Amino acid sequence: MSENNVTTEGRAGQSRPRVAVLFGGRSSEHAVSCVTAAGVLGAIDRDKYEVIPIGIAKTGQWVLASGDVQDWSLAASSLPEVESSAQTVTLAEIGGEHQLIVASPNEVPLELGSVDVVFPLLHGPFGEDGTIQGFLELSDTRYVGAGVLASAVGMDKHFMKVVFESAGLRVGPYVAVTDRQWRKDPETVRKRVDRLGFPVFVKPARAGSSMGISKVDSMEGLDAAIEVARGHDPKLVIEAGITGREIECAVLEGRGTDAPRTSMPGEISVAGRGHEFYDFNAKYVEDDAAALSCPADLPEEAIARVRELAAVAFDAVGAEGLSRVDFFYTPEGELIINEINTMPGFTPKSMYPQMWKASGMGYAELIDELIHLALHRRTGLR
């Protein structure tokens with residue numbers, strides 16, 4: 001397929017573009033990815049798109065997956081998981097088209113046909129961090145969401161902050177800790193953290209969905225929190241606690257040369273018992289643990305500023321498709337950027353779709369718009 005060719009009607013002679021929905025993956029956010037897929041599979045317009053669900057097992061194997069939403073839904077008692085299979089799915093370029101191939105032991109590989117766009121609903125490392133994006137780029141396969149560099153920067157909380165600071169965005173005080181620094185000289189790390197003041201938040205540098213995050217109120221709890229975070233990523237970011245309200249804004253790539261579109265800002269309140277911050281259970285398991293107010297109860301000028309800065313952050317990392325940008329709004333009226341998420345949680349109850357719903361774009365319409373953007377994206381360098 002040539003670089004500037006734009007797919008608008010799918011494969012030759014077909015009226016419905018074929019969309020491969022890719023989910024699961026090797027990261028600790030495997031279950032979150034499955035839940036996100038359940039939302040998309042339940043809402044995508046099957047009259048408009050031919051949908052091929054593809055799961056990635058924790059081993060990294062690609063398999064044909066069930067399209068039944070219930071198979072990937074999350075309950076407090078169980079986490080959905082893509083299981084390995086005797087059949088392996090691969091994506092290959094054959095005759096200028098991107099073909100899905102199913103291979104089984106001692107059998108002739110089966111061609112399932114071409115794919116027009118991949119919707120990679122992967123969270124965390126080995127999916128959201130530029131790795132799957134690089135794989136798709138190698139075969140000129142169009143896909144939803146940010147490219148290689150934006151995905152990598154958006155996944156790494158350390159380099160994300162470096163990019164934000166270079167773009168003039170205000171970032172809170174933090175310390176980045178590499179695996180070598182912690183193993184070689186933990187005492188120096190402790191001293192650097194102590195200078196931040198307590199409380200601090202200890203986070204894996206390259207994980208999301210609040211995985212491995214701990215709030216630490218004193219030096220006595222620091223080492224244990226570091227080891228918890230290191231269970232998810234050997235590289236850490238330790239952030240000073242900031243007094244402020246948590247404000248989020250959803251960003252959607254503009255069409256053509258249009259500027260990024262921003263939703264009305266939303267505010268999260270965590271009301272469930274036992275939640276000191278917006279953790280995994282509050283996000284995905286407990287229905288009444290978190291609530292979103294959108295638009296957030298902010299002065300008009302603050303709302304405009306949040307939307308402006310969210311678009312700046314989107315462009316700063318070179319994002320495409322979608323992103324959610326999170327801020328702290330301090331009692332003094334300052335906005336401090338917390339992070340950008342280039343593949344935010346995308347279930348119907350996730351904050352990103354909820355903010356767009358409150359801004360006039362429903363869940364199914366949002367999915368359709370993201371696929372449209374991907375189908376009209378040129379391949380190669382952009």
# chains A, B, ... in the order shown; residues from 1 in each chain; ligands from 1
$ residues_around --residues "Thr342 (chain A)" --least-positions-apart "6" --cutoff "10 Å" --atoms "only C-alpha atoms" --output "list in words"
His123, Glu128, Asp129, Gly145, Ala146, Gly147, Ala150, Ser151, Ala152, Val153, Gly154, Met155, Val251, Phe314, Val317, Ala319, Glu320, Gly321, Leu322, Ser323, Arg324 and Val325 of chain A
$ write_last_selection --atoms "C-alpha atoms" --output "mmCIF file, in the first residue's frame"
data_model
loop_
_atom_site.group_PDB
_atom_site.id
_atom_site.type_symbol
_atom_site.label_atom_id
_atom_site.label_comp_id
_atom_site.auth_asym_id
_atom_site.auth_seq_id
_atom_site.Cartn_x
_atom_site.Cartn_y
_atom_site.Cartn_z
ATOM 1 C CA HIS A 123 -2.308 -0.548 28.301
ATOM 2 C CA GLU A 128 1.040 1.346 24.966
ATOM 3 C CA ASP A 129 4.728 2.253 24.999
ATOM 4 C CA GLY A 145 -3.797 6.330 18.532
ATOM 5 C CA ALA A 146 -0.368 7.772 19.102
ATOM 6 C CA GLY A 147 2.741 6.790 17.155
ATOM 7 C CA ALA A 150 4.542 9.808 21.488
ATOM 8 C CA SER A 151 3.549 6.444 22.926
ATOM 9 C CA ALA A 152 7.007 5.904 24.433
ATOM 10 C CA VAL A 153 7.184 9.395 25.948
ATOM 11 C CA GLY A 154 3.619 9.152 27.214
ATOM 12 C CA MET A 155 4.420 5.849 28.913
ATOM 13 C CA VAL A 251 -8.133 15.407 23.809
ATOM 14 C CA PHE A 314 -0.956 16.661 23.294
ATOM 15 C CA VAL A 317 4.582 14.718 22.874
ATOM 16 C CA ALA A 319 0.242 12.572 20.118
ATOM 17 C CA GLU A 320 -2.294 11.371 17.554
ATOM 18 C CA GLY A 321 -5.799 10.004 17.907
ATOM 19 C CA LEU A 322 -6.622 10.368 21.583
ATOM 20 C CA SER A 323 -5.131 11.276 24.935
ATOM 21 C CA ARG A 324 -6.265 12.164 28.429
ATOM 22 C CA VAL A 325 -4.333 14.920 30.184
#
$ residues_around --residues "Gln99 (chain A)" --least-positions-apart "6" --cutoff "8 Å" --atoms "only C-alpha atoms" --output "PyMOL selection string"
chain A and resi 91-93+111-115
$ write_last_selection --atoms "all heavy atoms" --output "tab-separated table (two decimals), in the first residue's frame"
chain	number	residue	atom	x	y	z
A	91	LEU	N	0.22	-10.98	11.72
A	91	LEU	CA	-0.14	-9.95	10.74
A	91	LEU	C	1.02	-9.82	9.77
A	91	LEU	O	2.15	-9.53	10.19
A	91	LEU	CB	-0.42	-8.62	11.44
A	91	LEU	CG	-0.84	-7.44	10.57
A	91	LEU	CD1	-2.19	-7.72	9.91
A	91	LEU	CD2	-0.93	-6.17	11.40
A	92	ALA	N	0.77	-10.05	8.50
A	92	ALA	CA	1.85	-10.02	7.51
A	92	ALA	C	1.40	-9.25	6.28
A	92	ALA	O	0.20	-9.21	5.95
A	92	ALA	CB	2.24	-11.44	7.12
A	93	GLU	N	2.36	-8.63	5.60
A	93	GLU	CA	2.05	-7.94	4.35
A	93	GLU	C	2.26	-8.91	3.19
A	93	GLU	O	3.37	-9.41	2.97
A	93	GLU	CB	2.93	-6.71	4.18
A	93	GLU	CG	2.51	-5.86	2.99
A	93	GLU	CD	3.19	-4.51	2.95
A	93	GLU	OE1	3.99	-4.23	3.87
A	93	GLU	OE2	2.94	-3.76	2.00
A	111	GLU	N	-5.19	-18.04	5.63
A	111	GLU	CA	-5.31	-16.60	5.47
A	111	GLU	C	-6.73	-16.16	5.82
A	111	GLU	O	-7.70	-16.68	5.27
A	111	GLU	CB	-4.97	-16.19	4.03
A	111	GLU	CG	-3.51	-16.41	3.65
A	111	GLU	CD	-3.20	-15.86	2.26
A	111	GLU	OE1	-4.03	-15.10	1.72
A	111	GLU	OE2	-2.13	-16.20	1.72
A	112	LEU	N	-6.84	-15.19	6.73
A	112	LEU	CA	-8.15	-14.68	7.13
A	112	LEU	C	-8.55	-13.43	6.35
A	112	LEU	O	-9.66	-12.93	6.52
A	112	LEU	CB	-8.15	-14.34	8.62
A	112	LEU	CG	-8.03	-15.51	9.59
A	112	LEU	CD1	-8.13	-15.01	11.02
A	112	LEU	CD2	-9.12	-16.55	9.33
A	113	GLY	N	-7.65	-12.94	5.53
A	113	GLY	CA	-7.97	-11.74	4.77
A	113	GLY	C	-7.24	-10.52	5.30
A	113	GLY	O	-6.52	-10.57	6.29
A	114	SER	N	-7.45	-9.40	4.63
A	114	SER	CA	-6.69	-8.19	4.93
A	114	SER	C	-7.34	-7.39	6.04
A	114	SER	O	-8.51	-7.57	6.39
A	114	SER	CB	-6.54	-7.33	3.68
A	114	SER	OG	-7.82	-6.96	3.20
A	115	VAL	N	-6.55	-6.49	6.62
A	115	VAL	CA	-6.99	-5.62	7.69
A	115	VAL	C	-6.77	-4.17	7.26
A	115	VAL	O	-5.72	-3.83	6.73
A	115	VAL	CB	-6.19	-5.90	8.99
A	115	VAL	CG1	-6.49	-4.85	10.04
A	115	VAL	CG2	-6.52	-7.29	9.51
$ select_by_dssp --residues "region 195-226 of chain A" --states "strand (DSSP E)" --output "list in words"
Val200, Phe201, Val202, Lys203, Pro204, Ser214, Lys215 and Val216 of chain A
$ write_last_selection --atoms "N, CA, C and O atoms" --output "mmCIF file, in the first residue's frame"
data_model
loop_
_atom_site.group_PDB
_atom_site.id
_atom_site.type_symbol
_atom_site.label_atom_id
_atom_site.label_comp_id
_atom_site.auth_asym_id
_atom_site.auth_seq_id
_atom_site.Cartn_x
_atom_site.Cartn_y
_atom_site.Cartn_z
ATOM 1 N N VAL A 200 4.830 11.691 49.751
ATOM 2 C CA VAL A 200 5.234 11.519 48.360
ATOM 3 C C VAL A 200 4.436 10.364 47.769
ATOM 4 O O VAL A 200 3.882 9.535 48.503
ATOM 5 N N PHE A 201 4.398 10.331 46.445
ATOM 6 C CA PHE A 201 3.784 9.219 45.742
ATOM 7 C C PHE A 201 4.875 8.476 44.975
ATOM 8 O O PHE A 201 5.591 9.077 44.167
ATOM 9 N N VAL A 202 5.006 7.199 45.267
ATOM 10 C CA VAL A 202 6.006 6.360 44.619
ATOM 11 C C VAL A 202 5.316 5.604 43.489
ATOM 12 O O VAL A 202 4.342 4.883 43.725
ATOM 13 N N LYS A 203 5.848 5.769 42.267
ATOM 14 C CA LYS A 203 5.172 5.217 41.092
ATOM 15 C C LYS A 203 6.156 4.467 40.192
ATOM 16 O O LYS A 203 7.283 4.919 39.994
ATOM 17 N N PRO A 204 5.728 3.349 39.616
ATOM 18 C CA PRO A 204 6.505 2.788 38.500
ATOM 19 C C PRO A 204 6.546 3.829 37.386
ATOM 20 O O PRO A 204 5.530 4.479 37.105
ATOM 21 N N SER A 214 2.038 3.902 45.519
ATOM 22 C CA SER A 214 1.828 3.999 46.969
ATOM 23 C C SER A 214 1.977 5.444 47.410
ATOM 24 O O SER A 214 2.855 6.167 46.923
ATOM 25 N N LYS A 215 1.135 5.848 48.349
ATOM 26 C CA LYS A 215 1.310 7.130 49.032
ATOM 27 C C LYS A 215 2.123 6.869 50.289
ATOM 28 O O LYS A 215 1.803 5.989 51.071
ATOM 29 N N VAL A 216 3.203 7.624 50.459
ATOM 30 C CA VAL A 216 4.120 7.421 51.583
ATOM 31 C C VAL A 216 4.147 8.690 52.426
ATOM 32 O O VAL A 216 4.433 9.772 51.913
#
$ residues_around --residues "Thr59 (chain A)" --least-positions-apart "3" --cutoff "9 Å" --atoms "only C-alpha atoms" --output "PyMOL selection string"
chain A and resi 25-26+56+62+83-84
$ write_last_selection --atoms "C-alpha atoms" --output "mmCIF file, in the first residue's frame"
data_model
loop_
_atom_site.group_PDB
_atom_site.id
_atom_site.type_symbol
_atom_site.label_atom_id
_atom_site.label_comp_id
_atom_site.auth_asym_id
_atom_site.auth_seq_id
_atom_site.Cartn_x
_atom_site.Cartn_y
_atom_site.Cartn_z
ATOM 1 C CA GLY A 25 -0.848 -8.041 26.267
ATOM 2 C CA ARG A 26 2.153 -8.834 28.440
ATOM 3 C CA ILE A 56 -2.559 -11.163 23.128
ATOM 4 C CA TRP A 62 -1.581 -13.529 19.394
ATOM 5 C CA GLU A 83 -5.440 -17.598 27.195
ATOM 6 C CA SER A 84 -2.757 -19.118 24.969
#
$ closest_residue --among "A:Ala43, A:Ala302, A:Val270, A:Ile54" --to "Ala20 (chain A)" --atoms "only C-alpha atoms"
A:Ile54
$ closest_residue --among "A:Gly197, A:Val148, A:Leu381, A:Val21" --to "Phe126 (chain A)" --atoms "only C-alpha atoms"
A:Val148
$ residues_around --residues "Pro295 (chain A)" --least-positions-apart "2" --cutoff "9 Å" --atoms "only C-alpha atoms" --output "compact mmCIF listing (two decimals) with C-alpha atoms, in the first residue's frame"
# COMPACT_ATOMS: atom_id res chain seq x y z
CA SER A 263 -13.53 18.16 25.99
CA MET A 264 -14.91 20.08 28.92
CA PRO A 265 -12.65 19.39 31.93
CA GLY A 266 -13.80 16.83 34.47
CA GLU A 267 -13.08 16.39 38.16
CA LEU A 292 -16.83 12.41 37.68
CA SER A 293 -18.17 15.94 37.58
CA ASP A 297 -16.81 23.38 38.98
CA LEU A 298 -14.10 25.83 37.95
CA ILE A 303 -11.74 25.85 32.25
CA MET A 355 -15.88 13.61 29.40
CA ALA A 358 -20.63 15.35 28.67
CA SER A 359 -19.18 17.44 25.82
$ closest_residue --among "A:Gly124, A:Pro353, A:Gly380, A:Gly221" --to "Arg142 (chain A)" --atoms "only C-alpha atoms"
A:Gly380
$ closest_atom_pairs --of "region 14-65 of chain A" --to "region 224-248 of chain A" --cutoff "12 Å" --atoms "only C-alpha atoms" --output "Markdown table"
| residue | atom | partner | partner_atom | distance |
| --- | --- | --- | --- | --- |
| A:Arg26 | CA | A:His232 | CA | 11.7 |
| A:Ser27 | CA | A:His232 | CA | 8.6 |
| A:Ser28 | CA | A:His232 | CA | 7.2 |
| A:Glu29 | CA | A:His232 | CA | 10.1 |
$ atom_distance --atom1 "CA of Leu122 (chain A)" --atom2 "CA of Ala207 (chain A)"
11.8 Å
$ residues_around --residues "Val171 (chain A)" --least-positions-apart "3" --cutoff "9 Å" --atoms "only C-alpha atoms" --output "count of residues only"
8
$ closest_residue --among "A:Val163, A:Ala205, A:Leu335, A:Leu196" --to "Glu301 (chain A)" --atoms "only C-alpha atoms"
A:Leu335
$ closest_residue --among "A:Gly360, A:Thr262, A:Asp71, A:Gly96" --to "Thr36 (chain A)" --atoms "only C-alpha atoms"
A:Asp71
$ decode --residues "region 308-323 of chain A" --atoms "all heavy atoms" --output "tab-separated table (two decimals), in the first residue's frame"
chain	number	residue	atom	x	y	z
A	308	GLU	N	-6.71	24.65	26.98
A	308	GLU	CA	-5.56	25.14	26.23
A	308	GLU	C	-4.30	24.33	26.54
A	308	GLU	O	-3.57	23.91	25.64
A	308	GLU	CB	-5.33	26.61	26.57
A	308	GLU	CG	-4.09	27.21	25.92
A	308	GLU	CD	-3.77	28.60	26.45
A	308	GLU	OE1	-4.55	29.15	27.26
A	308	GLU	OE2	-2.71	29.13	26.06
A	309	LEU	N	-4.05	24.10	27.83
A	309	LEU	CA	-2.84	23.38	28.23
A	309	LEU	C	-2.91	21.90	27.85
A	309	LEU	O	-1.88	21.29	27.56
A	309	LEU	CB	-2.61	23.54	29.74
A	309	LEU	CG	-2.30	24.95	30.23
A	309	LEU	CD1	-2.06	24.96	31.74
A	309	LEU	CD2	-1.09	25.54	29.50
A	310	ALA	N	-4.10	21.33	27.85
A	310	ALA	CA	-4.25	19.94	27.43
A	310	ALA	C	-3.85	19.78	25.97
A	310	ALA	O	-3.17	18.81	25.59
A	310	ALA	CB	-5.68	19.47	27.65
A	311	ALA	N	-4.24	20.74	25.14
A	311	ALA	CA	-3.86	20.70	23.73
A	311	ALA	C	-2.35	20.91	23.57
A	311	ALA	O	-1.71	20.28	22.71
A	311	ALA	CB	-4.63	21.75	22.94
A	312	VAL	N	-1.76	21.77	24.40
A	312	VAL	CA	-0.31	21.98	24.37
A	312	VAL	C	0.41	20.68	24.70
A	312	VAL	O	1.39	20.29	24.04
A	312	VAL	CB	0.11	23.10	25.35
A	312	VAL	CG1	1.63	23.14	25.51
A	312	VAL	CG2	-0.41	24.46	24.87
A	313	ALA	N	-0.06	19.98	25.74
A	313	ALA	CA	0.56	18.71	26.14
A	313	ALA	C	0.44	17.67	25.04
A	313	ALA	O	1.39	16.91	24.77
A	313	ALA	CB	-0.09	18.20	27.43
A	314	PHE	N	-0.71	17.59	24.40
A	314	PHE	CA	-0.96	16.66	23.29
A	314	PHE	C	0.05	16.89	22.18
A	314	PHE	O	0.69	15.96	21.66
A	314	PHE	CB	-2.39	16.87	22.80
A	314	PHE	CG	-2.88	15.88	21.76
A	314	PHE	CD1	-3.45	14.69	22.15
A	314	PHE	CD2	-2.78	16.17	20.41
A	314	PHE	CE1	-3.93	13.78	21.20
A	314	PHE	CE2	-3.25	15.28	19.46
A	314	PHE	CZ	-3.83	14.08	19.86
A	315	ASP	N	0.22	18.15	21.80
A	315	ASP	CA	1.16	18.48	20.73
A	315	ASP	C	2.61	18.33	21.18
A	315	ASP	O	3.48	17.99	20.37
A	315	ASP	CB	0.92	19.91	20.24
A	315	ASP	CG	-0.30	20.03	19.34
A	315	ASP	OD1	-0.72	19.00	18.76
A	315	ASP	OD2	-0.84	21.14	19.20
A	316	ALA	N	2.89	18.57	22.47
A	316	ALA	CA	4.27	18.51	22.97
A	316	ALA	C	4.87	17.12	22.79
A	316	ALA	O	6.04	16.98	22.44
A	316	ALA	CB	4.32	18.93	24.44
A	317	VAL	N	4.07	16.08	23.03
A	317	VAL	CA	4.58	14.72	22.87
A	317	VAL	C	4.36	14.18	21.46
A	317	VAL	O	4.79	13.07	21.14
A	317	VAL	CB	3.94	13.75	23.90
A	317	VAL	CG1	4.19	14.22	25.32
A	317	VAL	CG2	2.45	13.55	23.64
A	318	GLY	N	3.68	14.96	20.61
A	318	GLY	CA	3.40	14.51	19.25
A	318	GLY	C	2.31	13.47	19.19
A	318	GLY	O	2.35	12.56	18.34
A	319	ALA	N	1.30	13.58	20.04
A	319	ALA	CA	0.24	12.57	20.12
A	319	ALA	C	-0.64	12.61	18.87
A	319	ALA	O	-0.72	13.61	18.16
A	319	ALA	CB	-0.61	12.78	21.37
A	320	GLU	N	-1.31	11.51	18.63
A	320	GLU	CA	-2.29	11.37	17.55
A	320	GLU	C	-3.49	10.60	18.12
A	320	GLU	O	-3.36	9.87	19.09
A	320	GLU	CB	-1.71	10.62	16.36
A	320	GLU	CG	-0.53	11.31	15.70
A	320	GLU	CD	0.16	10.41	14.68
A	320	GLU	OE1	1.03	9.62	15.10
A	320	GLU	OE2	-0.15	10.51	13.49
A	321	GLY	N	-4.62	10.75	17.48
A	321	GLY	CA	-5.80	10.00	17.91
A	321	GLY	C	-6.40	10.57	19.18
A	321	GLY	O	-7.20	11.51	19.14
A	322	LEU	N	-6.00	10.01	20.31
A	322	LEU	CA	-6.62	10.37	21.58
A	322	LEU	C	-5.59	10.45	22.69
A	322	LEU	O	-4.53	9.84	22.62
A	322	LEU	CB	-7.69	9.34	21.96
A	322	LEU	CG	-7.21	7.94	22.42
A	322	LEU	CD1	-8.34	7.20	23.12
A	322	LEU	CD2	-6.64	7.10	21.29
A	323	SER	N	-5.92	11.23	23.70
A	323	SER	CA	-5.13	11.28	24.94
A	323	SER	C	-6.00	11.87	26.03
A	323	SER	O	-6.94	12.63	25.76
A	323	SER	CB	-3.87	12.15	24.80
A	323	SER	OG	-2.90	11.54	23.99
